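data_3.txt follows; it contains compact mmCIF, C-alpha atoms.
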```txt
# COMPACT_ATOMS: atom_id res chain seq x y z
CA MET A 1 105.43 -31.50 -49.37
CA ILE A 2 109.19 -31.02 -49.49
CA PRO A 3 110.27 -27.46 -50.21
CA ALA A 4 113.05 -26.58 -52.60
CA ALA A 5 116.51 -26.63 -51.06
CA PHE A 6 117.74 -23.50 -49.37
CA GLU A 7 120.68 -22.14 -47.49
CA TYR A 8 119.85 -21.62 -43.82
CA HIS A 9 121.06 -18.60 -41.88
CA ARG A 10 120.56 -18.03 -38.17
CA PRO A 11 122.26 -14.72 -37.33
CA THR A 12 122.32 -13.38 -33.77
CA ASP A 13 121.97 -9.68 -34.50
CA MET A 14 120.32 -7.32 -37.00
CA ALA A 15 123.66 -6.54 -38.66
CA GLY A 16 123.92 -10.22 -39.55
CA VAL A 17 120.37 -10.24 -40.93
CA LEU A 18 120.94 -7.13 -43.02
CA ALA A 19 124.22 -8.50 -44.38
CA VAL A 20 122.48 -11.59 -45.79
CA LEU A 21 119.63 -9.47 -47.18
CA GLU A 22 122.11 -7.13 -48.83
CA GLU A 23 124.11 -9.95 -50.36
CA HIS A 24 121.17 -11.96 -51.70
CA GLY A 25 118.46 -9.36 -52.35
CA ASP A 26 115.05 -10.86 -53.02
CA ASP A 27 116.58 -14.36 -53.01
CA ALA A 28 116.61 -14.01 -49.22
CA ARG A 29 113.67 -13.85 -46.82
CA VAL A 30 113.35 -13.68 -43.08
CA LEU A 31 111.55 -16.38 -41.13
CA ALA A 32 109.71 -15.53 -37.91
CA GLY A 33 107.23 -18.16 -36.67
CA GLY A 34 107.09 -19.65 -40.14
CA HIS A 35 103.42 -20.54 -40.14
CA SER A 36 102.71 -18.54 -43.29
CA LEU A 37 106.05 -18.91 -45.08
CA ILE A 38 106.77 -22.60 -44.44
CA PRO A 39 103.41 -23.83 -45.84
CA MET A 40 104.03 -21.67 -48.93
CA MET A 41 107.54 -23.13 -49.30
CA LYS A 42 106.20 -26.67 -48.90
CA LEU A 43 103.68 -26.00 -51.67
CA ARG A 44 106.57 -24.50 -53.68
CA MET A 45 104.55 -21.33 -54.09
CA ALA A 46 107.41 -19.51 -52.39
CA GLU A 47 111.00 -20.20 -53.29
CA VAL A 48 113.53 -18.89 -50.81
CA PRO A 49 117.13 -19.74 -51.71
CA HIS A 50 118.35 -18.01 -48.54
CA LEU A 51 116.23 -18.38 -45.43
CA ILE A 52 117.12 -16.14 -42.49
CA ASP A 53 115.76 -17.51 -39.22
CA LEU A 54 115.20 -14.62 -36.80
CA GLN A 55 114.81 -16.75 -33.65
CA ASP A 56 118.25 -15.90 -32.22
CA VAL A 57 118.35 -12.22 -33.24
CA SER A 58 118.59 -10.15 -30.09
CA GLY A 59 116.25 -7.23 -29.46
CA LEU A 60 113.29 -8.44 -31.52
CA GLY A 61 111.12 -9.75 -28.71
CA GLY A 62 109.36 -8.29 -25.74
CA ILE A 63 106.27 -6.30 -24.82
CA ASP A 64 107.08 -2.91 -23.34
CA VAL A 65 104.15 -0.96 -21.88
CA ARG A 66 105.14 2.72 -21.64
CA THR A 67 103.27 5.89 -20.84
CA GLY A 68 100.87 6.51 -23.67
CA GLU A 69 102.05 3.68 -25.91
CA VAL A 70 102.92 0.01 -26.14
CA HIS A 71 106.01 -1.29 -27.94
CA ILE A 72 105.81 -4.86 -29.21
CA GLY A 73 108.88 -6.56 -30.67
CA ALA A 74 108.27 -8.26 -34.01
CA MET A 75 109.12 -11.75 -32.69
CA THR A 76 106.51 -11.56 -29.92
CA THR A 77 104.22 -14.57 -30.36
CA GLN A 78 100.44 -14.56 -30.26
CA THR A 79 100.65 -16.68 -27.10
CA GLU A 80 102.84 -14.03 -25.46
CA ILE A 81 100.26 -11.39 -26.41
CA ILE A 82 97.50 -13.50 -24.83
CA GLU A 83 99.43 -14.19 -21.63
CA ASN A 84 100.74 -10.69 -20.92
CA ALA A 85 98.61 -9.31 -18.07
CA GLU A 86 99.91 -5.75 -18.36
CA LEU A 87 99.09 -5.63 -22.06
CA ALA A 88 95.60 -7.01 -21.39
CA GLN A 89 95.08 -4.02 -19.07
CA VAL A 90 96.17 -1.25 -21.43
CA CYS A 91 95.29 -2.76 -24.82
CA PRO A 92 92.83 -5.63 -24.32
CA ILE A 93 91.72 -5.74 -27.97
CA LEU A 94 95.08 -7.35 -28.85
CA LYS A 95 94.34 -10.35 -26.64
CA GLU A 96 90.77 -10.54 -27.89
CA ALA A 97 92.02 -10.68 -31.49
CA ALA A 98 94.97 -13.01 -30.83
CA LEU A 99 92.65 -15.57 -29.23
CA GLN A 100 90.76 -15.73 -32.53
CA ILE A 101 93.86 -16.46 -34.63
CA ALA A 102 94.36 -20.07 -35.78
CA ASP A 103 94.82 -22.63 -32.98
CA PRO A 104 97.04 -23.07 -29.88
CA GLN A 105 99.97 -24.69 -31.69
CA VAL A 106 100.03 -21.95 -34.33
CA ARG A 107 99.77 -19.21 -31.68
CA TYR A 108 102.86 -20.54 -29.87
CA MET A 109 104.86 -19.99 -33.05
CA GLY A 110 103.07 -17.23 -34.95
CA THR A 111 104.44 -13.74 -34.32
CA VAL A 112 102.99 -10.25 -34.42
CA GLY A 113 105.75 -9.13 -36.78
CA GLY A 114 105.15 -11.96 -39.20
CA ASN A 115 101.42 -11.42 -39.10
CA VAL A 116 101.64 -7.71 -39.98
CA ALA A 117 104.63 -7.86 -42.35
CA ASN A 118 103.52 -10.75 -44.54
CA GLY A 119 100.79 -8.72 -46.23
CA ASP A 120 98.28 -11.56 -46.37
CA PRO A 121 94.84 -9.90 -46.46
CA GLY A 122 93.51 -12.81 -44.36
CA ASN A 123 95.76 -12.00 -41.40
CA ASP A 124 94.00 -10.41 -38.44
CA MET A 125 96.67 -8.11 -37.02
CA PRO A 126 97.01 -5.72 -39.99
CA GLY A 127 93.40 -4.49 -39.78
CA LEU A 128 93.65 -4.32 -36.01
CA MET A 129 96.82 -2.23 -36.25
CA GLN A 130 95.08 0.12 -38.69
CA CYS A 131 92.16 0.47 -36.31
CA LEU A 132 94.56 1.32 -33.46
CA ASP A 133 96.65 3.65 -35.66
CA ALA A 134 99.83 1.68 -34.92
CA THR A 135 103.23 2.49 -36.35
CA PHE A 136 105.63 -0.11 -37.76
CA GLU A 137 109.38 0.22 -37.36
CA LEU A 138 111.46 -0.98 -40.30
CA VAL A 139 115.21 -1.48 -40.17
CA GLY A 140 117.25 -1.49 -43.37
CA PRO A 141 120.72 -0.65 -44.67
CA ASP A 142 120.04 3.07 -44.30
CA GLY A 143 118.83 2.82 -40.72
CA THR A 144 115.42 2.86 -39.13
CA ARG A 145 112.19 4.34 -40.47
CA GLU A 146 108.62 4.36 -39.32
CA VAL A 147 105.49 3.71 -41.36
CA LYS A 148 101.90 4.03 -40.23
CA ALA A 149 99.93 0.79 -40.44
CA ARG A 150 97.33 2.78 -42.39
CA ASP A 151 99.95 3.53 -45.09
CA PHE A 152 101.76 0.19 -45.12
CA TYR A 153 99.57 -2.12 -47.23
CA GLU A 154 99.55 -1.77 -51.02
CA ALA A 155 98.02 -5.01 -52.33
CA ALA A 156 97.94 -8.69 -51.38
CA TYR A 157 101.45 -9.54 -50.13
CA MET A 158 102.66 -6.12 -51.30
CA THR A 159 103.66 -3.65 -48.62
CA ASP A 160 105.76 -0.54 -48.21
CA ARG A 161 108.61 -2.69 -46.85
CA GLU A 162 111.60 -2.94 -49.20
CA ASP A 163 113.27 -6.32 -49.84
CA ASP A 164 116.30 -5.30 -47.79
CA GLU A 165 114.26 -4.13 -44.78
CA VAL A 166 112.99 -6.03 -41.74
CA LEU A 167 109.93 -5.08 -39.72
CA THR A 168 111.27 -5.04 -36.16
CA LYS A 169 108.64 -3.44 -33.97
CA VAL A 170 105.02 -2.33 -33.66
CA VAL A 171 104.15 0.76 -31.61
CA ILE A 172 100.54 1.18 -30.55
CA PRO A 173 99.18 4.35 -28.96
CA ALA A 174 97.23 3.77 -25.74
CA HIS A 175 93.55 4.35 -26.45
CA GLY A 176 91.37 3.72 -23.38
CA ALA A 177 88.42 3.21 -25.70
CA GLY A 178 85.64 0.67 -25.81
CA TYR A 179 86.78 -2.08 -28.15
CA ALA A 180 85.79 -5.22 -29.97
CA TYR A 181 87.39 -7.64 -32.41
CA GLU A 182 84.70 -9.71 -34.11
CA LYS A 183 85.55 -12.47 -36.57
CA GLN A 184 83.39 -14.79 -38.60
CA LYS A 185 85.25 -17.90 -39.72
CA ARG A 186 84.09 -21.23 -41.08
CA LYS A 187 86.18 -23.32 -38.72
CA ILE A 188 89.18 -23.23 -36.38
CA GLY A 189 92.29 -22.34 -38.29
CA ASP A 190 90.47 -20.64 -41.14
CA TYR A 191 90.94 -17.05 -42.14
CA ALA A 192 88.06 -14.67 -41.60
CA THR A 193 85.06 -14.62 -43.90
CA ALA A 194 84.75 -11.16 -42.40
CA ALA A 195 86.32 -9.53 -39.35
CA ALA A 196 86.00 -6.10 -37.78
CA ALA A 197 88.18 -4.17 -35.33
CA VAL A 198 86.34 -1.32 -33.63
CA THR A 199 87.30 1.20 -30.96
CA ILE A 200 84.88 3.80 -29.61
CA VAL A 201 85.45 6.61 -27.12
CA SER A 202 82.33 7.96 -25.45
CA ASP A 203 81.64 11.09 -23.45
CA MET A 204 78.30 11.89 -21.80
CA GLY A 205 76.54 9.22 -23.83
CA LYS A 206 77.90 10.44 -27.16
CA CYS A 207 80.55 8.90 -29.34
CA VAL A 208 83.46 11.33 -29.56
CA GLN A 209 85.91 9.12 -31.43
CA ALA A 210 85.58 5.91 -33.41
CA SER A 211 87.90 3.80 -35.53
CA ILE A 212 86.84 0.89 -37.73
CA ALA A 213 88.94 -1.53 -39.77
CA MET A 214 87.90 -4.65 -41.69
CA THR A 215 89.84 -7.84 -42.47
CA ASN A 216 89.83 -10.14 -45.52
CA LEU A 217 87.32 -8.07 -47.45
CA SER A 218 89.77 -6.55 -49.94
CA ASP A 219 93.31 -7.28 -51.10
CA THR A 220 94.50 -5.18 -48.15
CA PRO A 221 93.04 -4.49 -44.72
CA VAL A 222 90.54 -1.63 -44.93
CA TRP A 223 90.52 1.21 -42.42
CA SER A 224 87.19 2.87 -43.11
CA GLU A 225 87.56 6.46 -42.04
CA ALA A 226 84.02 7.23 -43.20
CA ALA A 227 82.53 4.42 -41.13
CA GLY A 228 84.18 5.73 -37.97
CA ALA A 229 83.15 9.32 -38.79
CA ALA A 230 79.52 8.20 -39.17
CA LEU A 231 79.44 7.30 -35.48
CA VAL A 232 81.12 10.41 -34.08
CA GLY A 233 78.71 12.91 -32.50
CA THR A 234 75.89 10.38 -32.28
CA SER A 235 74.58 8.28 -29.42
CA LEU A 236 74.84 5.24 -31.71
CA ASP A 237 71.18 5.18 -32.64
CA ASP A 238 70.08 2.85 -35.43
CA ALA A 239 70.52 5.51 -38.08
CA ALA A 240 74.14 6.15 -37.07
CA VAL A 241 75.01 2.44 -37.07
CA ASP A 242 73.28 1.99 -40.45
CA ALA A 243 75.31 4.90 -41.81
CA ALA A 244 78.57 3.39 -40.48
CA VAL A 245 77.77 0.00 -42.01
CA SER A 246 76.88 1.53 -45.33
CA ALA A 247 80.09 3.63 -45.32
CA MET A 248 82.11 0.49 -44.58
CA LEU A 249 80.40 -1.40 -47.42
CA GLY A 250 81.45 1.41 -49.73
CA ASP A 251 85.10 0.98 -48.75
CA ILE A 252 85.51 -2.80 -48.97
CA ASP A 253 85.99 -4.73 -52.19
CA PRO A 254 85.56 -8.45 -51.49
CA THR A 255 86.06 -11.14 -54.12
CA GLN A 256 84.30 -14.44 -54.53
CA ASP A 257 86.17 -17.45 -53.19
CA ASN A 258 85.50 -20.67 -51.28
CA ARG A 259 84.15 -18.60 -48.38
CA GLY A 260 81.30 -17.41 -50.54
CA PRO A 261 80.14 -15.01 -53.25
CA ILE A 262 80.57 -11.25 -53.03
CA GLU A 263 77.03 -10.59 -51.81
CA PHE A 264 77.49 -13.04 -48.95
CA LYS A 265 80.81 -11.46 -47.97
CA LYS A 266 79.11 -8.06 -47.81
CA HIS A 267 76.29 -9.52 -45.74
CA ALA A 268 78.78 -11.13 -43.33
CA ALA A 269 80.80 -7.89 -43.15
CA ALA A 270 77.69 -5.93 -42.17
CA VAL A 271 76.64 -8.44 -39.51
CA ILE A 272 80.14 -8.60 -38.02
CA LEU A 273 80.53 -4.82 -37.97
CA ARG A 274 77.15 -4.36 -36.24
CA ARG A 275 78.19 -6.86 -33.57
CA ALA A 276 81.59 -5.22 -33.12
CA ILE A 277 80.09 -1.74 -32.84
CA ALA A 278 77.52 -2.91 -30.28
CA ARG A 279 80.14 -4.61 -28.15
CA ALA A 280 82.66 -1.76 -28.37
CA TRP A 281 79.91 0.71 -27.42
CA SER A 282 78.89 -1.43 -24.44
CA ARG A 283 82.48 -1.16 -23.20
CA ALA A 284 82.99 2.54 -24.08
CA MET B 1 122.52 -27.17 -53.32
CA SER B 2 122.64 -30.24 -51.11
CA ASN B 3 124.06 -28.34 -48.20
CA LYS B 4 123.85 -30.61 -45.20
CA MET B 5 124.25 -29.05 -41.84
CA HIS B 6 125.29 -30.43 -38.51
CA ILE B 7 122.24 -30.77 -36.25
CA LYS B 8 122.17 -31.45 -32.53
CA MET B 9 118.97 -31.85 -30.59
CA ASN B 10 117.74 -33.54 -27.46
CA VAL B 11 114.79 -35.82 -28.15
CA ASN B 12 113.02 -37.37 -25.16
CA GLY B 13 116.12 -36.87 -23.03
CA GLU B 14 118.56 -38.36 -25.53
CA GLU B 15 121.15 -36.31 -27.38
CA GLN B 16 120.94 -36.77 -31.14
CA GLU B 17 123.53 -35.62 -33.66
CA PHE B 18 123.36 -36.00 -37.41
CA LEU B 19 123.79 -34.27 -40.76
CA ALA B 20 120.65 -33.12 -42.53
CA GLU B 21 119.53 -30.71 -45.18
CA PRO B 22 117.98 -27.67 -43.47
CA ARG B 23 114.77 -28.12 -45.48
CA GLU B 24 114.02 -31.48 -43.87
CA LEU B 25 110.79 -31.21 -41.88
CA LEU B 26 111.07 -32.08 -38.21
CA ILE B 27 108.30 -34.70 -38.50
CA HIS B 28 110.35 -36.51 -41.14
CA THR B 29 113.47 -36.28 -38.98
CA LEU B 30 111.65 -37.84 -36.07
CA ARG B 31 109.90 -40.60 -37.97
CA GLU B 32 112.37 -41.54 -40.68
CA ARG B 33 115.76 -40.60 -39.31
CA LEU B 34 115.32 -41.24 -35.58
CA ASP B 35 112.63 -43.93 -35.86
CA ILE B 36 110.44 -42.09 -33.38
CA THR B 37 107.09 -42.87 -34.98
CA GLY B 38 104.68 -41.69 -32.27
CA PRO B 39 104.09 -38.31 -33.91
CA HIS B 40 102.00 -38.99 -37.02
CA ILE B 41 101.66 -37.32 -40.39
CA GLY B 42 97.98 -36.54 -40.80
CA CYS B 43 97.49 -33.61 -43.13
CA GLU B 44 101.08 -32.32 -43.42
CA THR B 45 99.60 -28.83 -43.79
CA SER B 46 99.62 -27.63 -40.13
CA HIS B 47 95.90 -28.23 -39.66
CA CYS B 48 95.37 -31.59 -37.98
CA GLY B 49 97.86 -31.64 -35.07
CA ALA B 50 98.69 -35.38 -35.37
CA CYS B 51 102.39 -34.42 -35.56
CA THR B 52 102.31 -32.29 -32.38
CA VAL B 53 105.46 -32.39 -30.24
CA THR B 54 106.70 -30.19 -27.40
CA ILE B 55 109.67 -27.97 -28.16
CA ASP B 56 111.14 -25.76 -25.45
CA GLY B 57 107.80 -25.67 -23.66
CA LYS B 58 105.61 -25.01 -26.70
CA SER B 59 103.20 -27.35 -28.47
CA VAL B 60 104.42 -27.37 -32.06
CA LYS B 61 103.19 -28.99 -35.26
CA SER B 62 106.38 -30.71 -36.38
CA CYS B 63 105.27 -30.71 -40.03
CA THR B 64 105.64 -26.93 -39.98
CA MET B 65 109.17 -26.68 -38.65
CA PHE B 66 112.40 -27.24 -40.52
CA VAL B 67 114.95 -29.42 -38.77
CA ALA B 68 117.32 -26.45 -38.94
CA GLN B 69 114.96 -24.41 -36.73
CA ALA B 70 114.97 -27.20 -34.14
CA ASN B 71 118.76 -27.30 -34.01
CA GLY B 72 119.82 -27.00 -30.37
CA LYS B 73 116.31 -27.57 -29.00
CA ASP B 74 114.70 -29.99 -26.55
CA VAL B 75 111.98 -32.04 -28.24
CA THR B 76 109.47 -34.24 -26.45
CA THR B 77 107.20 -36.66 -28.29
CA ILE B 78 104.56 -39.06 -27.01
CA GLU B 79 107.37 -41.59 -26.43
CA GLY B 80 108.88 -39.18 -23.92
CA LEU B 81 105.69 -38.97 -21.87
CA GLY B 82 105.18 -42.66 -21.09
CA GLY B 83 105.48 -46.17 -22.50
CA PRO B 84 103.53 -49.45 -22.40
CA ASP B 85 104.87 -50.29 -18.94
CA ASP B 86 104.64 -46.83 -17.43
CA LEU B 87 101.66 -45.07 -18.94
CA HIS B 88 101.36 -41.32 -18.48
CA VAL B 89 98.24 -40.27 -16.57
CA LEU B 90 96.79 -38.99 -19.85
CA GLN B 91 97.51 -42.27 -21.63
CA SER B 92 95.71 -44.20 -18.87
CA ALA B 93 92.81 -41.76 -18.96
CA PHE B 94 92.43 -42.05 -22.73
CA LYS B 95 92.43 -45.85 -22.35
CA GLU B 96 89.94 -45.77 -19.49
CA HIS B 97 87.51 -43.29 -21.05
CA HIS B 98 87.67 -44.49 -24.66
CA GLY B 99 89.47 -41.31 -25.73
CA LEU B 100 90.76 -43.09 -28.80
CA GLN B 101 89.10 -45.04 -31.52
CA CYS B 102 91.39 -45.62 -34.49
CA GLY B 103 94.22 -44.04 -32.48
CA PHE B 104 95.77 -42.05 -35.29
CA CYS B 105 95.32 -38.63 -33.69
CA THR B 106 96.01 -39.86 -30.16
CA PRO B 107 99.78 -39.19 -29.87
CA GLY B 108 99.26 -35.59 -30.96
CA MET B 109 96.20 -35.24 -28.73
CA ILE B 110 98.02 -36.49 -25.63
CA THR B 111 101.20 -34.54 -26.31
CA ARG B 112 99.17 -31.36 -26.70
CA ALA B 113 97.00 -32.16 -23.68
CA SER B 114 100.08 -32.68 -21.50
CA LYS B 115 101.18 -29.14 -22.24
CA LEU B 116 97.65 -27.80 -21.73
CA LEU B 117 97.43 -29.39 -18.26
CA GLU B 118 100.88 -28.08 -17.40
CA GLU B 119 99.70 -24.54 -18.15
CA ASN B 120 96.21 -24.97 -16.76
CA PRO B 121 96.06 -27.88 -14.28
CA ASN B 122 92.38 -27.44 -13.53
CA PRO B 123 90.64 -26.57 -16.81
CA THR B 124 86.92 -26.31 -17.48
CA GLU B 125 85.41 -28.34 -20.29
CA GLU B 126 85.32 -25.20 -22.42
CA GLU B 127 89.01 -24.49 -21.74
CA VAL B 128 89.89 -28.05 -22.75
CA ARG B 129 87.97 -27.70 -26.00
CA PHE B 130 89.59 -24.33 -26.74
CA GLY B 131 93.05 -25.58 -25.79
CA MET B 132 92.70 -28.69 -27.96
CA ALA B 133 91.36 -26.82 -31.01
CA GLY B 134 94.55 -27.47 -32.98
CA ASN B 135 94.07 -31.24 -32.92
CA ILE B 136 91.55 -32.92 -35.17
CA CYS B 137 89.99 -36.35 -34.57
CA ARG B 138 87.82 -37.97 -37.24
CA CYS B 139 86.41 -40.81 -35.11
CA THR B 140 85.28 -39.89 -31.63
CA GLY B 141 83.37 -36.66 -31.91
CA TYR B 142 85.69 -35.33 -29.17
CA GLN B 143 83.33 -36.18 -26.28
CA ASN B 144 85.57 -38.91 -24.92
CA ILE B 145 88.77 -37.03 -25.64
CA VAL B 146 87.54 -34.12 -23.52
CA LYS B 147 86.33 -36.55 -20.85
CA SER B 148 89.75 -38.25 -20.79
CA ILE B 149 91.63 -34.98 -20.41
CA LEU B 150 89.32 -33.77 -17.63
CA ALA B 151 89.74 -37.12 -15.86
CA ALA B 152 93.51 -36.90 -16.14
CA ALA B 153 93.39 -33.35 -14.75
CA SER B 154 91.38 -34.52 -11.71
CA GLU B 155 93.76 -37.39 -11.15
CA LEU B 156 96.81 -35.14 -11.33
CA GLN B 157 95.15 -32.68 -8.93
CA ALA B 158 94.28 -35.46 -6.49
CA ALA B 159 97.84 -36.77 -6.60
CA LYS B 160 99.17 -33.29 -6.01
CA GLU B 161 96.87 -32.73 -3.04
CA ALA B 162 97.80 -36.12 -1.58
CA ALA B 163 101.46 -35.19 -1.84
CA GLU B 164 100.95 -31.90 0.01
```

Produce structure tokens that represent the structure in this file.
Amino acid sequence: MIPAAFEYHRPTDMAGVLAVLEEHGDDARVLAGGHSLIPMMKLRMAEVPHLIDLQDVSGLGGIDVRTGEVHIGAMTTQTEIIENAELAQVCPILKEAALQIADPQVRYMGTVGGNVANGDPGNDMPGLMQCLDATFELVGPDGTREVKARDFYEAAYMTDREDDEVLTKVVIPAHGAGYAYEKQKRKIGDYATAAAAVTIVSDMGKCVQASIAMTNLSDTPVWSEAAGAALVGTSLDDAAVDAAVSAMLGDIDPTQDNRGPIEFKKHAAAVILRRAIARAWSRA
Amino acid sequence: MSNKMHIKMNVNGEEQEFLAEPRELLIHTLRERLDITGPHIGCETSHCGACTVTIDGKSVKSCTMFVAQANGKDVTTIEGLGGPDDLHVLQSAFKEHHGLQCGFCTPGMITRASKLLEENPNPTEEEVRFGMAGNICRCTGYQNIVKSILAAASELQAAKEAAE
């Protein structure tokens, strides 16, 4: 379990990071918490001749709760998400999801930026960010640009981020909705067999807004616009929930793996989504 | 590309300086270079927690950190918590309550538990189980591990109250 040799860089600012990326192109990769990249390097499934450790880069951490939105620096760890009381007030679904990621040791190291940027369909934060309609900030040689989480994921490990760009920040609009993050996993530390992020806004007993995203049921996270739309205007009667589940099943594309065959994945997805909808509605 | 770098770290209160390739895993540094063999290699894939150490106040699986990342850090292993003649409260509690069987997972368990009790001095059984979820034991069925940690927590609380 010894990775191939690499040159180690630990710059202290973004200019230093970008300089290494520019010089070495796709031979260079940034390292955040390392709990996705290091295992891949140890298995020699990832070869990274130039490793850029972001731990000392200034300006990449911190949770900033502003009016109407929350800014989360890419190097913010899952533990920091869980422990931030202000964030738990304005965006409690983040804590609920972070508590279901891996185990304590991994959450001390694992970062929000790494989780969303890596492009692993098993990661929990990408689907959650799509549900919440978050925006990612990317910094590259030509400056800063923003990409919607819903437009960011192209295929497994393929995203809209260019090789010379770094994902530096996540911006989440405040929602004030009922919420739930439900995850079915085989054991601690496993990726989801199926997971659902749901937010629901209610008014006078009717759903006026709903957003639904699913994790690890396709080669990207799946924001199911049709599933959310199926709930809007209803009082979440059985027919509306059935319609949302069936719309979601039409949008996912699971594959068979050691978590089960396709039919089982669809079954688990339906069960998890029903639970998430019920819990989000109870909080709406 | 055998590019050794100069590494400095404080392990259990002692300054250590050496040259190492950045790709060296911290667990290998501790065990093979510094002869600190408390942290164990269980799975080497960041699942089992036998290699858990404390770095700058975080419980970390040292098989999933390059030595280069730990450059400049404070590292505490089980050896830094207590020894045969001055057992840590958790070590005594594990002994007393049969919290270990083969003992392989124990250094990681206790190192992790020490951090857990620092953050949450009075945990419920459920909080102990949740907080210890990154450490796997294949002998005890966890009952006695949880019992040991809860006992250590009570003892620490009692000592604290006595001091006040």

Shell of 9 Å around Val146 in chain B, all atoms listed in the file, local chain residues under 4 positions omitted, as a PyMOL selection string: chain B and resi 99+125+128-129+132+142+150-151

What are the residues of chain B lining chain A at 9 Å or less? Count all atoms listed in the file, and put the answer as a PDB file with C-alpha atoms, keeping the file's coordinate frame.
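Just written: iface_18.pdb:
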```
ATOM      1  CA  MET B   1     122.520 -27.170 -53.320  1.00  0.00           C
ATOM      2  CA  SER B   2     122.640 -30.240 -51.110  1.00  0.00           C
ATOM      3  CA  ASN B   3     124.060 -28.340 -48.200  1.00  0.00           C
ATOM      4  CA  MET B   5     124.250 -29.050 -41.840  1.00  0.00           C
ATOM      5  CA  GLU B  21     119.530 -30.710 -45.180  1.00  0.00           C
ATOM      6  CA  PRO B  22     117.980 -27.670 -43.470  1.00  0.00           C
ATOM      7  CA  ARG B  23     114.770 -28.120 -45.480  1.00  0.00           C
ATOM      8  CA  GLU B  24     114.020 -31.480 -43.870  1.00  0.00           C
ATOM      9  CA  LEU B  25     110.790 -31.210 -41.880  1.00  0.00           C
ATOM     10  CA  GLU B  44     101.080 -32.320 -43.420  1.00  0.00           C
ATOM     11  CA  THR B  45      99.600 -28.830 -43.790  1.00  0.00           C
ATOM     12  CA  SER B  46      99.620 -27.630 -40.130  1.00  0.00           C
ATOM     13  CA  HIS B  47      95.900 -28.230 -39.660  1.00  0.00           C
ATOM     14  CA  GLY B  49      97.860 -31.640 -35.070  1.00  0.00           C
ATOM     15  CA  THR B  52     102.310 -32.290 -32.380  1.00  0.00           C
ATOM     16  CA  LYS B  58     105.610 -25.010 -26.700  1.00  0.00           C
ATOM     17  CA  SER B  59     103.200 -27.350 -28.470  1.00  0.00           C
ATOM     18  CA  VAL B  60     104.420 -27.370 -32.060  1.00  0.00           C
ATOM     19  CA  LYS B  61     103.190 -28.990 -35.260  1.00  0.00           C
ATOM     20  CA  THR B  64     105.640 -26.930 -39.980  1.00  0.00           C
ATOM     21  CA  MET B  65     109.170 -26.680 -38.650  1.00  0.00           C
ATOM     22  CA  PHE B  66     112.400 -27.240 -40.520  1.00  0.00           C
ATOM     23  CA  ALA B  68     117.320 -26.450 -38.940  1.00  0.00           C
ATOM     24  CA  GLN B  69     114.960 -24.410 -36.730  1.00  0.00           C
ATOM     25  CA  ARG B 112      99.170 -31.360 -26.700  1.00  0.00           C
ATOM     26  CA  PHE B 130      89.590 -24.330 -26.740  1.00  0.00           C
ATOM     27  CA  GLY B 131      93.050 -25.580 -25.790  1.00  0.00           C
ATOM     28  CA  MET B 132      92.700 -28.690 -27.960  1.00  0.00           C
ATOM     29  CA  ALA B 133      91.360 -26.820 -31.010  1.00  0.00           C
ATOM     30  CA  GLY B 134      94.550 -27.470 -32.980  1.00  0.00           C
ATOM     31  CA  ASN B 135      94.070 -31.240 -32.920  1.00  0.00           C
TER      32      ASN B 135
END
```

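Closest approach to His6 in chain B from the set B:Cys43, B:Ala50, B:Val67, B:Cys137 is made by B:Val67, with distances taken over only C-alpha atoms.
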
Find the residues near range 83-92 of chain B: any atom within 7 Å, counting only C-alpha atoms, skip ones fewer than 6 places away on the same chain, and give them as an MDAnalysis selection string. chainID B and resid 110 149 152

Could you please determine the separation between CA of Val48 in chain A and CA of Leu217 in chain A in Å, to one decimal place?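 Separating CA of Val48 in chain A from CA of Leu217 in chain A is a distance of 28.6 Å.
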
How would range 14-34 of chain B of the given structure read as a file with C-alpha atoms, as a PDB file, in the first residue's frame?
```pdb
ATOM      1  CA  GLU B  14       9.473  14.836  21.852  1.00  0.00           C
ATOM      2  CA  GLU B  15      10.822  16.747  18.876  1.00  0.00           C
ATOM      3  CA  GLN B  16      11.679  14.462  15.971  1.00  0.00           C
ATOM      4  CA  GLU B  17      13.655  15.453  12.887  1.00  0.00           C
ATOM      5  CA  PHE B  18      14.502  13.253   9.945  1.00  0.00           C
ATOM      6  CA  LEU B  19      14.594  12.970   6.164  1.00  0.00           C
ATOM      7  CA  ALA B  20      11.783  11.051   4.499  1.00  0.00           C
ATOM      8  CA  GLU B  21      10.089  10.668   1.174  1.00  0.00           C
ATOM      9  CA  PRO B  22       6.806  12.611   1.254  1.00  0.00           C
ATOM     10  CA  ARG B  23       4.878   9.480   0.236  1.00  0.00           C
ATOM     11  CA  GLU B  24       5.799   7.659   3.443  1.00  0.00           C
ATOM     12  CA  LEU B  25       2.624   6.968   5.422  1.00  0.00           C
ATOM     13  CA  LEU B  26       2.572   8.375   8.933  1.00  0.00           C
ATOM     14  CA  ILE B  27       1.849   4.931  10.431  1.00  0.00           C
ATOM     15  CA  HIS B  28       5.044   3.618   8.854  1.00  0.00           C
ATOM     16  CA  THR B  29       6.995   6.628  10.126  1.00  0.00           C
ATOM     17  CA  LEU B  30       5.781   6.007  13.652  1.00  0.00           C
ATOM     18  CA  ARG B  31       6.288   2.256  13.718  1.00  0.00           C
ATOM     19  CA  GLU B  32       9.356   1.715  11.571  1.00  0.00           C
ATOM     20  CA  ARG B  33      11.296   4.947  11.771  1.00  0.00           C
ATOM     21  CA  LEU B  34      10.526   6.126  15.311  1.00  0.00           C
TER      22      LEU B  34
END
```
